[in-house]
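Colleague: Got data-v9.txt for you, compact mmCIF, C-alpha atoms:
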```txt
# COMPACT_ATOMS: atom_id res chain seq x y z
CA MET A 26 -9.85 102.00 99.46
CA ALA A 27 -8.08 102.16 96.09
CA ARG A 28 -4.62 100.65 95.93
CA VAL A 29 -1.86 103.25 96.17
CA PRO A 30 0.55 102.99 93.21
CA LYS A 31 4.29 102.83 93.74
CA LEU A 32 4.92 106.01 91.74
CA THR A 33 2.75 108.82 90.45
CA THR A 34 3.10 112.14 88.68
CA THR A 35 3.41 115.52 90.32
CA LEU A 36 0.00 116.61 89.06
CA ALA A 37 -1.72 113.40 90.23
CA TYR A 38 -0.11 113.59 93.68
CA ASP A 39 -2.77 116.07 94.80
CA ARG A 40 -5.38 113.35 95.26
CA TYR A 41 -3.34 111.69 98.02
CA MET A 42 -3.04 114.79 100.19
CA ALA A 43 -5.07 115.13 103.39
CA GLY A 44 -5.07 118.91 103.72
CA GLN A 45 -6.92 121.80 102.12
CA LYS A 46 -4.96 123.35 99.25
CA LEU A 47 -3.92 126.92 99.98
CA VAL A 48 -1.53 127.86 97.16
CA SER A 49 -0.64 126.18 93.87
CA SER A 50 1.64 127.12 90.99
CA VAL A 51 0.02 124.62 88.60
CA GLU A 52 -1.70 127.36 86.59
CA ARG A 53 1.40 129.58 86.57
CA PRO A 54 3.89 129.46 83.67
CA TRP A 55 6.61 127.93 85.84
CA ARG A 56 9.15 125.53 84.37
CA ASN A 57 10.67 122.41 85.93
CA LEU A 58 8.91 122.65 89.28
CA VAL A 59 5.49 122.83 90.92
CA LEU A 60 4.78 124.29 94.35
CA ARG A 61 1.73 123.61 96.48
CA SER A 62 0.89 124.41 100.08
CA TYR A 63 -1.80 122.83 102.26
CA LEU A 64 -3.59 123.57 105.49
CA GLU A 65 -3.16 120.24 107.21
CA PRO A 66 -5.40 118.55 109.79
CA ASN A 67 -4.08 118.91 113.32
CA GLU A 68 -3.88 115.14 113.58
CA GLN A 69 -3.66 112.47 110.91
CA GLU A 70 -3.76 108.80 111.88
CA LEU A 71 -2.50 107.41 108.57
CA LEU A 72 -1.87 108.79 105.11
CA GLU A 73 -0.55 106.45 102.44
CA ALA A 74 1.04 108.16 99.45
CA PRO A 75 2.93 106.93 96.38
CA GLY A 76 6.42 108.00 95.50
CA LEU A 77 7.24 110.82 93.10
CA GLN A 78 9.86 110.56 90.38
CA ASP A 79 10.66 114.24 90.81
CA LEU A 80 12.98 115.34 93.60
CA THR A 81 10.61 116.60 96.28
CA LEU A 82 11.39 118.91 99.19
CA MET A 83 8.94 119.86 101.94
CA THR A 84 8.90 122.43 104.71
CA LEU A 85 6.44 124.11 107.05
CA ALA A 86 4.74 127.38 106.23
CA SER A 87 3.28 127.66 109.73
CA GLY A 88 2.94 125.67 112.94
CA ALA A 89 4.95 122.67 114.11
CA GLU A 90 4.30 118.95 114.06
CA HIS A 91 5.41 115.58 115.33
CA LEU A 92 5.77 113.68 112.06
CA GLU A 93 6.16 109.92 111.65
CA ARG A 94 6.76 108.00 108.48
CA ASN A 95 7.05 104.36 107.49
CA LEU A 96 9.77 103.82 104.93
CA ASP A 97 10.79 100.28 103.95
CA GLY A 98 8.70 98.83 106.79
CA ARG A 99 10.28 100.93 109.55
CA TRP A 100 8.61 103.79 111.43
CA GLU A 101 10.71 106.81 112.34
CA SER A 102 9.76 110.20 113.68
CA ALA A 103 10.90 113.80 114.07
CA ASP A 104 9.60 117.05 115.53
CA LEU A 105 9.47 119.58 112.71
CA ARG A 106 9.36 123.35 113.11
CA LEU A 107 9.69 126.39 110.88
CA GLY A 108 13.00 126.29 109.05
CA ASP A 109 13.22 122.50 108.98
CA VAL A 110 13.32 120.83 105.57
CA TRP A 111 12.66 117.24 104.68
CA PHE A 112 13.17 115.18 101.56
CA VAL A 113 10.54 112.80 100.16
CA PRO A 114 12.19 109.67 98.67
CA PRO A 115 10.73 108.37 95.38
CA VAL A 116 9.03 105.37 97.01
CA PRO A 117 5.62 104.80 98.64
CA ILE A 118 5.49 106.14 102.20
CA SER A 119 2.97 105.97 105.04
CA TRP A 120 2.69 109.17 107.10
CA ARG A 121 1.04 110.15 110.37
CA TRP A 122 1.33 113.34 112.38
CA ARG A 123 -0.05 115.61 115.08
CA SER A 124 0.32 119.33 115.61
CA ILE A 125 2.57 120.42 118.48
CA SER A 126 1.79 124.13 118.15
CA ASP A 127 -1.14 126.46 118.69
CA GLU A 128 -0.57 127.85 115.18
CA PRO A 129 -2.35 126.39 112.13
CA LEU A 130 -0.34 123.58 110.57
CA SER A 131 0.50 124.19 106.91
CA THR A 132 3.06 122.54 104.66
CA VAL A 133 4.87 123.48 101.45
CA HIS A 134 5.60 120.82 98.82
CA LEU A 135 8.11 121.42 96.01
CA PRO A 136 8.75 118.67 93.41
CA MET A 137 11.64 119.57 91.07
CA GLU A 138 12.14 117.82 87.75
CA ARG A 139 15.40 115.90 87.52
CA SER A 140 16.01 117.54 84.15
CA LEU A 141 16.53 120.81 86.04
CA ILE A 142 19.10 119.19 88.35
CA ASP A 143 20.93 117.68 85.36
CA SER A 144 20.85 120.95 83.41
CA VAL A 145 22.30 122.94 86.30
CA ALA A 146 24.91 120.23 86.91
CA ASP A 147 26.01 120.58 83.29
CA GLN A 148 26.28 124.35 83.69
CA MET A 149 28.37 123.83 86.82
CA GLU A 150 30.55 121.31 84.94
CA LEU A 151 30.12 118.73 87.67
CA GLY A 152 30.44 115.75 85.36
CA GLY A 153 29.22 112.71 87.25
CA SER A 154 28.91 114.51 90.59
CA ARG A 155 25.19 115.11 90.32
CA GLU A 156 23.78 112.40 92.58
CA LEU A 157 22.16 114.22 95.47
CA SER A 158 22.94 112.69 98.85
CA LEU A 159 19.80 113.81 100.64
CA SER A 160 19.18 110.09 100.95
CA ASP A 161 16.43 109.05 103.34
CA ALA A 162 17.00 111.90 105.78
CA MET A 163 13.89 112.46 107.88
CA GLN A 164 14.83 116.11 108.32
CA PHE A 165 17.76 118.41 107.82
CA HIS A 166 18.61 122.00 108.59
CA ASP A 167 19.66 124.36 105.83
CA PRO A 168 18.56 127.98 106.30
CA LEU A 169 19.23 128.87 102.67
CA ILE A 170 17.03 126.05 101.32
CA ALA A 171 14.31 127.01 103.80
CA ALA A 172 14.53 130.65 102.68
CA MET A 173 14.34 129.74 98.98
CA LEU A 174 11.32 127.49 99.60
CA ALA A 175 9.65 130.36 101.44
CA ALA A 176 10.41 132.74 98.55
CA LEU A 177 8.98 130.29 96.02
CA HIS A 178 5.91 129.87 98.23
CA ARG A 179 5.36 133.63 98.23
CA ALA A 180 5.88 133.77 94.46
CA ALA A 181 3.30 131.04 93.87
CA GLY A 182 0.71 133.18 95.61
CA ASP A 183 1.65 136.44 93.91
CA PRO A 184 0.81 136.71 90.17
CA SER A 185 3.00 139.78 89.89
CA ASP A 186 6.17 137.75 90.46
CA SER A 187 7.76 137.06 87.08
CA ARG A 188 8.73 133.68 85.70
CA LEU A 189 12.29 134.95 85.36
CA TYR A 190 12.39 135.50 89.13
CA VAL A 191 11.06 132.01 89.76
CA ASP A 192 13.52 130.51 87.26
CA ALA A 193 16.38 132.27 89.05
CA LEU A 194 15.21 130.88 92.40
CA ALA A 195 14.80 127.38 90.96
CA HIS A 196 18.27 127.39 89.42
CA ALA A 197 19.79 128.81 92.60
CA LEU A 198 18.11 126.07 94.64
CA ALA A 199 19.33 123.35 92.25
CA ALA A 200 22.87 124.81 92.29
CA HIS A 201 22.88 124.92 96.10
CA LEU A 202 21.74 121.30 96.33
CA LEU A 203 24.42 120.22 93.87
CA GLN A 204 27.12 122.31 95.53
CA HIS A 205 26.49 121.02 99.03
CA TYR A 206 24.63 117.71 98.71
CA SER A 207 26.00 115.99 95.61
CA ARG A 208 28.26 112.99 95.39
CA GLY A 209 31.91 113.85 95.90
CA ARG A 210 31.11 117.22 97.47
CA ASN A 211 31.88 118.07 101.06
CA ASN A 212 28.68 119.04 102.87
CA GLY A 213 29.77 121.84 105.13
CA SER A 214 26.31 122.34 106.66
CA ALA A 215 24.42 120.16 109.06
CA GLY A 216 22.73 118.03 106.43
CA PRO A 217 22.19 114.24 106.36
CA ALA A 218 24.92 112.50 108.30
CA ALA A 219 25.60 109.60 105.95
CA GLY A 220 28.11 110.27 103.16
CA PRO A 221 26.85 109.85 99.61
CA GLU A 222 29.24 107.04 98.69
CA ARG A 223 28.06 105.07 101.70
CA LEU A 224 24.47 105.57 100.52
CA VAL A 225 24.98 104.10 97.04
CA PRO A 226 24.92 100.41 98.14
CA ARG A 227 21.71 101.03 100.07
CA ARG A 228 20.10 102.62 97.00
CA ILE A 229 21.18 99.73 94.77
CA ARG A 230 20.00 97.21 97.37
CA ARG A 231 16.59 98.88 97.30
CA VAL A 232 16.46 98.47 93.52
CA ILE A 233 17.58 94.83 93.69
CA ASP A 234 14.86 94.04 96.23
CA TYR A 235 12.29 95.77 94.04
CA VAL A 236 13.35 93.83 90.94
CA GLN A 237 13.23 90.52 92.80
CA ALA A 238 9.70 91.25 94.00
CA ASN A 239 8.44 92.48 90.60
CA LEU A 240 9.98 90.25 87.93
CA ALA A 241 6.70 90.04 86.01
CA ALA A 242 6.36 93.83 85.81
CA ASP A 243 7.50 96.09 82.99
CA LEU A 244 10.73 97.22 84.63
CA ALA A 245 11.71 100.39 82.80
CA ILE A 246 15.11 101.92 83.49
CA SER A 247 13.42 105.18 84.48
CA GLU A 248 11.39 103.38 87.16
CA LEU A 249 14.44 101.60 88.58
CA ALA A 250 16.38 104.85 88.57
CA ALA A 251 13.54 106.56 90.42
CA HIS A 252 13.67 103.89 93.13
CA ALA A 253 17.36 104.64 93.53
CA GLY A 254 16.76 108.39 93.54
CA LEU A 255 19.07 108.89 90.55
CA SER A 256 18.84 110.06 86.96
CA SER A 257 18.53 107.21 84.45
CA PHE A 258 22.04 107.85 83.09
CA HIS A 259 23.69 108.05 86.48
CA PHE A 260 21.76 105.05 87.78
CA ALA A 261 22.94 102.83 84.93
CA ARG A 262 26.57 103.78 85.56
CA VAL A 263 26.38 103.38 89.33
CA PHE A 264 24.47 100.10 89.05
CA ARG A 265 27.10 98.57 86.80
CA ARG A 266 29.87 99.77 89.08
CA GLU A 267 28.21 98.19 92.12
CA THR A 268 26.99 94.92 90.57
CA GLY A 269 29.20 94.28 87.54
CA GLU A 270 26.12 94.13 85.31
CA THR A 271 23.97 96.61 83.46
CA PRO A 272 20.40 96.91 84.78
CA HIS A 273 19.14 95.05 81.70
CA GLN A 274 21.64 92.20 82.19
CA PHE A 275 20.74 91.96 85.86
CA VAL A 276 16.97 91.85 85.28
CA THR A 277 17.34 89.29 82.48
CA ARG A 278 19.56 87.07 84.63
CA LEU A 279 17.12 87.11 87.55
CA ARG A 280 14.22 86.36 85.24
CA LEU A 281 16.05 83.39 83.72
CA GLU A 282 17.10 82.07 87.14
CA GLU A 283 13.50 82.21 88.36
CA ALA A 284 12.31 80.59 85.13
CA ALA A 285 14.82 77.76 85.59
CA ARG A 286 13.55 77.22 89.12
CA LEU A 287 9.95 77.08 87.91
CA LEU A 288 10.88 74.64 85.14
CA ARG A 289 12.48 72.34 87.73
CA THR A 290 9.83 72.56 90.44
CA THR A 291 6.46 73.15 88.75
CA ASP A 292 4.29 71.77 85.96
CA GLN A 293 3.55 75.21 84.50
CA THR A 294 3.75 75.51 80.73
CA VAL A 295 6.58 77.37 79.09
CA LEU A 296 4.20 80.21 78.22
CA GLN A 297 2.95 80.45 81.80
CA ILE A 298 6.51 80.61 83.09
CA ALA A 299 7.53 83.14 80.46
CA LEU A 300 4.71 85.50 81.46
CA ALA A 301 5.30 84.89 85.18
CA VAL A 302 8.88 86.13 84.96
CA GLY A 303 8.24 89.12 82.71
CA PHE A 304 8.79 87.96 79.11
CA GLU A 305 6.25 89.08 76.52
CA ASN A 306 5.84 85.68 74.88
CA ALA A 307 7.17 82.12 74.86
CA SER A 308 9.29 82.68 71.74
CA HIS A 309 11.27 85.57 73.21
CA PHE A 310 11.64 83.67 76.46
CA SER A 311 12.97 80.56 74.68
CA VAL A 312 15.56 82.58 72.76
CA GLN A 313 16.79 84.29 75.93
CA PHE A 314 16.77 81.06 77.93
CA LYS A 315 18.81 79.17 75.34
CA ARG A 316 21.26 82.07 75.21
CA GLY A 317 21.68 81.89 78.98
CA TYR A 318 21.54 78.15 79.61
CA GLY A 319 22.58 76.63 76.28
CA VAL A 320 19.36 74.64 75.86
CA THR A 321 15.68 75.39 75.28
CA PRO A 322 13.31 75.56 78.26
CA LEU A 323 11.75 72.18 77.34
CA ALA A 324 15.18 70.54 77.00
CA TYR A 325 16.17 71.99 80.36
CA ARG A 326 13.03 70.58 81.98
CA LEU A 327 13.54 67.12 80.45
CA ARG A 328 17.17 67.12 81.55
CA GLY A 329 15.87 67.55 85.08
```
Translate the structure of the given file into structure tokens.
Modeller:
Amino acid sequence: MARVPKLTTTLAYDRYMAGQKLVSSVERPWRNLVLRSYLEPNEQELLEAPGLQDLTLMTLASGAEHLERNLDGRWESADLRLGDVWFVPPVPISWRWRSISDEPLSTVHLPMERSLIDSVADQMELGGSRELSLSDAMQFHDPLIAAMLAALHRAAGDPSDSRLYVDALAHALAAHLLQHYSRGRNNGSAGPAAGPERLVPRRIRRVIDYVQANLAADLAISELAAHAGLSSFHFARVFRRETGETPHQFVTRLRLEEAARLLRTTDQTVLQIALAVGFENASHFSVQFKRGYGVTPLAYRLRG
């Protein structure tokens, strides 16, 4: 079986689905979002799927299911019925489920581009209050969100529905999410229980763990922001507030600390160490190392 990537695009996500596609808006002239629905198998032992950078909501079009997911190494479950909504965090997830209804089991998937969320936040003059606090909620109840997802599902299957109508629905959905589920806003409905400010350390901790496990990778700010479930701009600000460093400073410091450890404890060459901790070449590594430690990598090794 091919290795599942950590993140993928909305269009490529299709290949990881288990069900038969029923409706898709891919060929429609929609902007900022894609909707698909699937007729799902009544029982699925395991489905491994990558994360999506877009904010993704799901709901049921028919049936009911007992759904389990493994997020960060921990299985959790919920019984989902019509009207329930769940949020898909931008990280790889393992899923398994079984139908608990005599009706066919079908799901609706709606990834929304973060540019739409940011654009609507600007129109609402929210300033920095645009971090959605859906967090890792397995499910939540919001009749208006469920109704808008159902309307978008119908529009995806009806070519007569205009793009203007879909745009209005998409902006209304983004505005509702920002109004009731964004940082600094009081969520008056029965949404996720944890407050958004309490969720920020957990999001940053997730990013820190990811960086520590992937120092050799090309760690783009957009990828780190996606792991935190934030826009790149908001992530950089929140990260510095929580850690005292910019993401770039943090990644560079961890790379240099690991390089120093390897210089002390291994016989690897400077080039091997540079590549192992994510620098493009030995020259760039040496410049950064001397800037951080005051000596070159070789001098540091000889100093013991």
Colleague: Rank nothing, just name the residue among A:Tyr235, A:Phe112, A:Tyr206, A:Phe304 nearest to Leu82 in chain A, using only C-alpha atoms.
Modeller: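 Of A:Tyr235, A:Phe112, A:Tyr206, A:Phe304, the one nearest Leu82 in chain A is A:Phe112, counting only C-alpha atoms.
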Colleague: Please identify all polymer residues within 8 Å of Asn95 in chain A, counting all atoms listed in the file, omitting same-chain residues fewer than 4 positions from it, and present them as a PyMOL selection string.
Modeller: chain A and resi 99-101+118-120
Colleague: To one decimal place in Å, what is the distance between CA of Ile142 in chain A and CA of Val116 in chain A?
Modeller: 19.2 Å
Colleague: Excluding Leu300 in chain A and residues on its chain fewer than 2 positions from it, collect all residues at most 10 Å away from it, counting only C-alpha atoms, and give them as a list in words.
Modeller: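 Residues meeting the cut-off are Leu240, Ala241, Ala242, Ala284, Val295, Leu296, Gln297, Ile298, Val302, Gly303, Phe304, Glu305, Asn306, Ala307 and Phe310 of chain A.
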Colleague: What does the distance between CA of Met83 in chain A and CA of Asp167 in chain A come to in Å, to one decimal place?
Modeller: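 Spanning CA of Met83 in chain A to CA of Asp167 in chain A is a straight-line distance of 12.3 Å.
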Colleague: By how many Å are CA of Ala195 in chain A and CA of Leu58 in chain A apart?
Modeller: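 For CA of Ala195 in chain A relative to CA of Leu58 in chain A, the distance reads 7.7 Å.
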Colleague: Skipping near chain neighbours, those fewer than 3 positions away, what residues fall within 10 Å of Arg28 in chain A using only C-alpha atoms, listed as a ChimeraX atom specification?
Modeller: /A:31,73,75
Colleague: Which is closer to Glu90 in chain A than all the others in A:Ser102, A:Gln293, A:Gln69, A:Ser126, using all atoms listed in the file?
Modeller: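 Of A:Ser102, A:Gln293, A:Gln69, A:Ser126, the one nearest Glu90 in chain A, counting all atoms listed in the file, is A:Ser126.
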Colleague: Using all atoms listed in the file, find the one residue out of A:Gln45, A:Thr291, A:Asn57, A:Ser50 that sits nearest to Asp192 in chain A.
Modeller: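 Nearest candidate to Asp192 in chain A out of A:Gln45, A:Thr291, A:Asn57, A:Ser50: A:Asn57.
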Colleague: So which one's closest to Leu32 in chain A, A:Arg280, A:His252, A:Arg53, A:His205? Using all atoms listed in the file, please.
Modeller: A:His252
Colleague: Using only C-alpha atoms, find the one residue out of A:Pro117, A:Pro136, A:Gly182, A:Gly44 that sits nearest to Val59 in chain A.
Modeller: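 For Val59 in chain A, the nearest of the candidates is A:Pro136.
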Colleague: When you look at range 267-279 of chain A with a cut-off of 9 Å (counting all atoms listed in the file), what residues show up, excluding the ones that are within fewer than 5 positions of it in the same chain? I need them as a ChimeraX atom specification.
Modeller: /A:225-226,229,233,236-237,240,244,246,249,260-262,284,302,313,317
Colleague: Go through A:Ala200, A:Val145, A:Leu60, A:Ala171 one by one, measure the shortest atom-to-atom distance of each to Arg106 in chain A using all atoms listed in the file, and give the residue with the smallest value.
Modeller: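 Nearest candidate to Arg106 in chain A out of A:Ala200, A:Val145, A:Leu60, A:Ala171: A:Ala171.
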Colleague: With 8 Å added on each side, what axis-aligned box encloses every listed atom of range 226-240 of chain A? Give the centre and edge lengths in Å to one decimal, as JSON.
Modeller:
```
{"center_x": 16.7, "center_y": 96.4, "center_z": 94.0, "size_x": 32.5, "size_y": 28.4, "size_z": 28.1}
```
